[in-house]
Amino acid sequence: MAFLWIVMANSCLSDDSKPAEKPETAGRAEPRGRRVTLRLTAEDSDAISGMQHSDGVYDFAVRLTSDIRRFGVSRVILPDPALTDRPDEWLAVARHAATMGFDVRFEIAPSRAGRDMMQPDTNEQLPKTLESGSAVSLRSGILKRVSELAELKNASGARVASGFFVALAPPTALPAGWEAGSNEATFADFLRETGLESDWGGRLTDEESRRDYIKSRGLMPWLTWRSRRIASFYTELADEIEKNHALPLTIAAPHPGNSESRTLYEEAERIGSSPVFAWRWMAFEPELWRNSTAVRLIGAESVSVIRSSRDWATHPDLEAALGPQATQGHFFAGNAPGLLPEPSTDSNEYEALKSAMVSHLSRLDATGLIVDRSTLGDRHEDFTSWVTRYEGLPDIGRKAWETLAPKPGLTLRSYHAGDSELLVPINPLPCPVGLELTLVRRSQGDAEPVNPDADLKLVIEESGPDRAVARLSIPPLHIGRLDLGKYRVENYRVDLPQESRDVIRTRYDALIRQNSEPAEPRGAVIVEELSDTETKTRGRRLMAALQAYRDMRLADFFRLSDGMSTDRHWRRNSEITPDVGRVDLPKRRIIR
């Protein structure tokens, strides 16, 4: 109990196909402009149509590279070939992809560097990263493997690797719990470096006494010290990679996409703490990473169709903790093999991905996105169109921009470049949104036409010699583009058509019924057994969604309630009438 009070008080080769657009030369500084990156794991090859273990090295490389190209990306993250059961084939994929013009990056597995690379991962709590002597050895092992990958050449004699990637997750890259590292050697480092050795060194001589100390008065010094040690480990690693190879290291923040990290998020939920404490228990505090210019820290979330794994994905506390680093990029991760149940056959993980991408961009204008291949299925054409639209937007590093309209649900960004203005409406809602713009001519003479993208329905009415009114409809889950030419926006009005109001009200009514009905009504058929923590999480999420509706924060309303109207704990034997159980909320605010 004392432990809980302390925590609460201290409340991421060649083929016939057309080559991809050639990216910036590998080894230079990070290229400007937006990029979508496709991440592949060793398991993805088994899921791609036509990939057989009987394929030769050449066929394997050609088929996999062709599949990558079909998604319209020019950058790809590949697993370290030595960590797969087909190292020669994956090495051929890397060389072939680089030859075809792809920007190739390799994923690093910190817990396996310096060991037998084919040895399976263990569930150890990664004390080597925390223990000073072992951390030096581990860093040397990683840098050695990085050097081997950095020296790879493709068929043209050019360097294959253009960067490296680490997805922070316990136990492979972070400690697997707040007690991890309480072994004798690591704990001795902690006492010495925090100045506590003289007071406690002689008293904390066994595992039980050390754990008791951590649970009580030593908790906050312990968590802070571990976070600093982890931050130093990775930032120094990034500095060495940049110094020795002039290659970037991208690191994705932890997300609840595997069993170990999800357990920590659930513990935070159980005691009523912010999910930022789950990060602290993993020894991850983003503010400690900001002293390095070499590391590129980005946000991350799970886009699994298993909704409960997304409950904490976009919690505002996590995005606030990342601060300016949240705009550097974002990683949309699918299910980790063997760690979460596989989605049902009738689910559509791509739709969950698309919704997550648009929702994120409506909140933060990220300059780069990383997407797991496992989330895309066979939606090649849809995703290619999305990539083209996103990468065609201005780079916020070179364009001045402002957010004009964050409510009700629509985000409207204006990018300025010289005398021209580009308007980007982002609709994260599953229903269309109307927009009326009052435009004023910037200069005398003929005005250039207002050019929308093909999916925007635009009607323009002249209202004077230098003024015009433009009305347009933004489709659901859409990122639009409207070139204003010599016009500028003087005023705007966001409108919800009746069909959208019906969609919103239907979702609201369904949530109200779910909030007002008993958990196990008479005659119910149990569909899903939930733990106490899961029940509490869904309850808080439900109340937060209803509060967002009251505040007309419609993007948050749909994001928080995503899947909740269908993920019922039970179902009745008879239909529910529309007017049953309608109860409004109290006027108090709900903090989430």
# chains A, B, ... in the order shown; residues from 1 in each chain; ligands from 1
$ select_by_dssp --residues "range 38-210 of chain A" --states "strand (DSSP E or B)" --output "number ranges by chain"
A: 38-39, 75-79, 103-107, 153, 159, 161-167
$ atom_distance --atom1 "CA of Ser355 in chain A" --atom2 "CA of Thr438 in chain A"
29.4 Å
$ residues_around --residues "Glu285 in chain A" --least-positions-apart "5" --cutoff "10 Å" --atoms "only C-alpha atoms" --output "short mmCIF file (atom, residue, chain, number, x, y, z; two decimals) with N, CA and C atoms, in the first residue's frame"
data_model
loop_
_atom_site.label_atom_id
_atom_site.label_comp_id
_atom_site.auth_asym_id
_atom_site.auth_seq_id
_atom_site.Cartn_x
_atom_site.Cartn_y
_atom_site.Cartn_z
N CYS A 12 7.34 5.36 -25.39
CA CYS A 12 8.09 5.27 -27.60
C CYS A 12 9.26 4.91 -28.61
N LEU A 223 13.79 4.84 -9.74
CA LEU A 223 13.20 5.01 -11.07
C LEU A 223 13.93 6.12 -11.84
N THR A 224 14.28 7.19 -11.17
CA THR A 224 14.98 8.30 -11.83
C THR A 224 16.36 7.87 -12.31
N ARG A 226 17.43 4.82 -13.04
CA ARG A 226 17.31 3.88 -14.17
C ARG A 226 16.98 4.63 -15.46
N SER A 227 16.09 5.61 -15.38
CA SER A 227 15.72 6.36 -16.59
C SER A 227 16.91 7.10 -17.16
N ARG A 228 17.73 7.68 -16.28
CA ARG A 228 18.93 8.39 -16.75
C ARG A 228 19.92 7.42 -17.38
N ILE A 230 19.24 4.52 -18.89
CA ILE A 230 18.72 4.08 -20.20
C ILE A 230 18.88 5.18 -21.23
N ALA A 231 18.53 6.41 -20.86
CA ALA A 231 18.66 7.53 -21.80
C ALA A 231 20.10 7.71 -22.24
N ALA A 253 9.09 5.25 -29.27
CA ALA A 253 8.71 5.16 -27.86
C ALA A 253 7.92 3.89 -27.58
N VAL A 276 1.98 7.69 -18.16
CA VAL A 276 3.37 8.12 -18.15
C VAL A 276 4.16 7.34 -17.11
N PHE A 277 3.48 6.89 -16.03
CA PHE A 277 4.15 6.08 -15.03
C PHE A 277 4.54 4.72 -15.57
N TRP A 279 5.70 4.33 -18.53
CA TRP A 279 7.00 4.65 -19.15
C TRP A 279 8.09 4.70 -18.09
N ARG A 280 7.78 5.32 -16.97
CA ARG A 280 8.81 5.44 -15.92
C ARG A 280 9.20 4.07 -15.38
N ALA A 321 4.22 14.30 -22.94
CA ALA A 321 5.54 13.94 -22.42
C ALA A 321 6.60 13.94 -23.53
N LEU A 322 6.20 13.52 -24.73
CA LEU A 322 7.14 13.55 -25.85
C LEU A 322 7.45 14.97 -26.29
#
$ closest_residue --among "A:Pro248, A:Pro324, A:Gly257, A:Gly218" --to "Ala169 in chain A" --atoms "only C-alpha atoms"
A:Gly257
$ residues_around --residues "Trp386 in chain A" --least-positions-apart "4" --cutoff "9 Å" --atoms "only C-alpha atoms" --output "list in words"
Lys354, Glu381, Asp382, Tyr390, Glu391 and Ile479 of chain A
$ atom_distance --atom1 "CA of Val146 in chain A" --atom2 "CA of Glu43 in chain A"
22.1 Å
$ decode --residues "range 317-338 of chain A" --atoms "N, CA, C and O atoms" --output "tab-separated table (two decimals), in the first residue's frame"
chain	number	residue	atom	x	y	z
A	317	ASP	N	-1.47	12.49	-22.17
A	317	ASP	CA	-0.30	12.60	-21.30
A	317	ASP	C	0.97	12.10	-22.00
A	317	ASP	O	2.06	12.64	-21.81
A	318	LEU	N	0.83	11.03	-22.81
A	318	LEU	CA	1.99	10.47	-23.49
A	318	LEU	C	2.49	11.42	-24.57
A	318	LEU	O	3.70	11.62	-24.73
A	319	GLU	N	1.57	12.01	-25.34
A	319	GLU	CA	1.99	12.95	-26.38
A	319	GLU	C	2.60	14.20	-25.75
A	319	GLU	O	3.56	14.76	-26.28
A	320	ALA	N	2.04	14.64	-24.63
A	320	ALA	CA	2.59	15.81	-23.95
A	320	ALA	C	4.00	15.53	-23.42
A	320	ALA	O	4.87	16.40	-23.46
A	321	ALA	N	4.22	14.30	-22.94
A	321	ALA	CA	5.54	13.94	-22.42
A	321	ALA	C	6.60	13.94	-23.53
A	321	ALA	O	7.76	14.29	-23.30
A	322	LEU	N	6.20	13.52	-24.73
A	322	LEU	CA	7.14	13.55	-25.85
A	322	LEU	C	7.45	14.97	-26.29
A	322	LEU	O	8.53	15.25	-26.79
A	323	GLY	N	6.50	15.89	-26.10
A	323	GLY	CA	6.73	17.29	-26.45
A	323	GLY	C	7.04	17.48	-27.92
A	323	GLY	O	6.41	16.88	-28.79
A	324	PRO	N	8.05	18.31	-28.25
A	324	PRO	CA	8.38	18.57	-29.65
A	324	PRO	C	8.84	17.33	-30.41
A	324	PRO	O	8.78	17.29	-31.64
A	325	GLN	N	9.28	16.30	-29.68
A	325	GLN	CA	9.72	15.08	-30.35
A	325	GLN	C	8.56	14.35	-31.02
A	325	GLN	O	8.75	13.55	-31.93
A	326	ALA	N	7.32	14.63	-30.58
A	326	ALA	CA	6.16	13.94	-31.14
A	326	ALA	C	5.92	14.31	-32.60
A	326	ALA	O	5.27	13.58	-33.34
A	327	THR	N	6.44	15.47	-33.05
A	327	THR	CA	6.24	15.88	-34.44
A	327	THR	C	7.33	15.35	-35.37
A	327	THR	O	7.28	15.57	-36.58
A	328	GLN	N	8.35	14.68	-34.81
A	328	GLN	CA	9.43	14.17	-35.64
A	328	GLN	C	9.03	12.93	-36.43
A	328	GLN	O	9.68	12.58	-37.42
A	329	GLY	N	7.97	12.26	-35.98
A	329	GLY	CA	7.52	11.06	-36.67
A	329	GLY	C	6.63	10.25	-35.76
A	329	GLY	O	6.45	10.57	-34.58
A	330	HIS	N	6.09	9.16	-36.31
A	330	HIS	CA	5.20	8.31	-35.53
A	330	HIS	C	5.24	6.91	-36.10
A	330	HIS	O	5.28	6.72	-37.32
A	331	PHE	N	5.22	5.93	-35.19
A	331	PHE	CA	5.28	4.52	-35.58
A	331	PHE	C	3.93	3.87	-35.30
A	331	PHE	O	3.44	3.89	-34.16
A	332	PHE	N	3.31	3.29	-36.34
A	332	PHE	CA	2.04	2.59	-36.21
A	332	PHE	C	2.34	1.08	-36.27
A	332	PHE	O	2.61	0.53	-37.34
A	333	ALA	N	2.29	0.45	-35.11
A	333	ALA	CA	2.71	-0.95	-35.00
A	333	ALA	C	1.51	-1.87	-35.04
A	333	ALA	O	0.44	-1.57	-34.49
A	334	GLY	N	1.67	-3.01	-35.70
A	334	GLY	CA	0.65	-4.04	-35.70
A	334	GLY	C	0.83	-4.97	-34.52
A	334	GLY	O	1.58	-4.68	-33.58
A	335	ASN	N	0.17	-6.10	-34.55
A	335	ASN	CA	0.30	-7.07	-33.47
A	335	ASN	C	1.69	-7.67	-33.45
A	335	ASN	O	2.23	-8.05	-34.48
A	336	ALA	N	2.27	-7.75	-32.26
A	336	ALA	CA	3.53	-8.47	-32.12
A	336	ALA	C	3.24	-9.96	-32.13
A	336	ALA	O	2.40	-10.43	-31.37
A	337	PRO	N	3.89	-10.75	-33.01
A	337	PRO	CA	3.58	-12.18	-33.12
A	337	PRO	C	3.70	-12.90	-31.79
A	337	PRO	O	4.70	-12.76	-31.09
A	338	GLY	N	2.65	-13.63	-31.44
A	338	GLY	CA	2.68	-14.46	-30.25
A	338	GLY	C	2.43	-13.73	-28.95
A	338	GLY	O	2.34	-14.34	-27.90
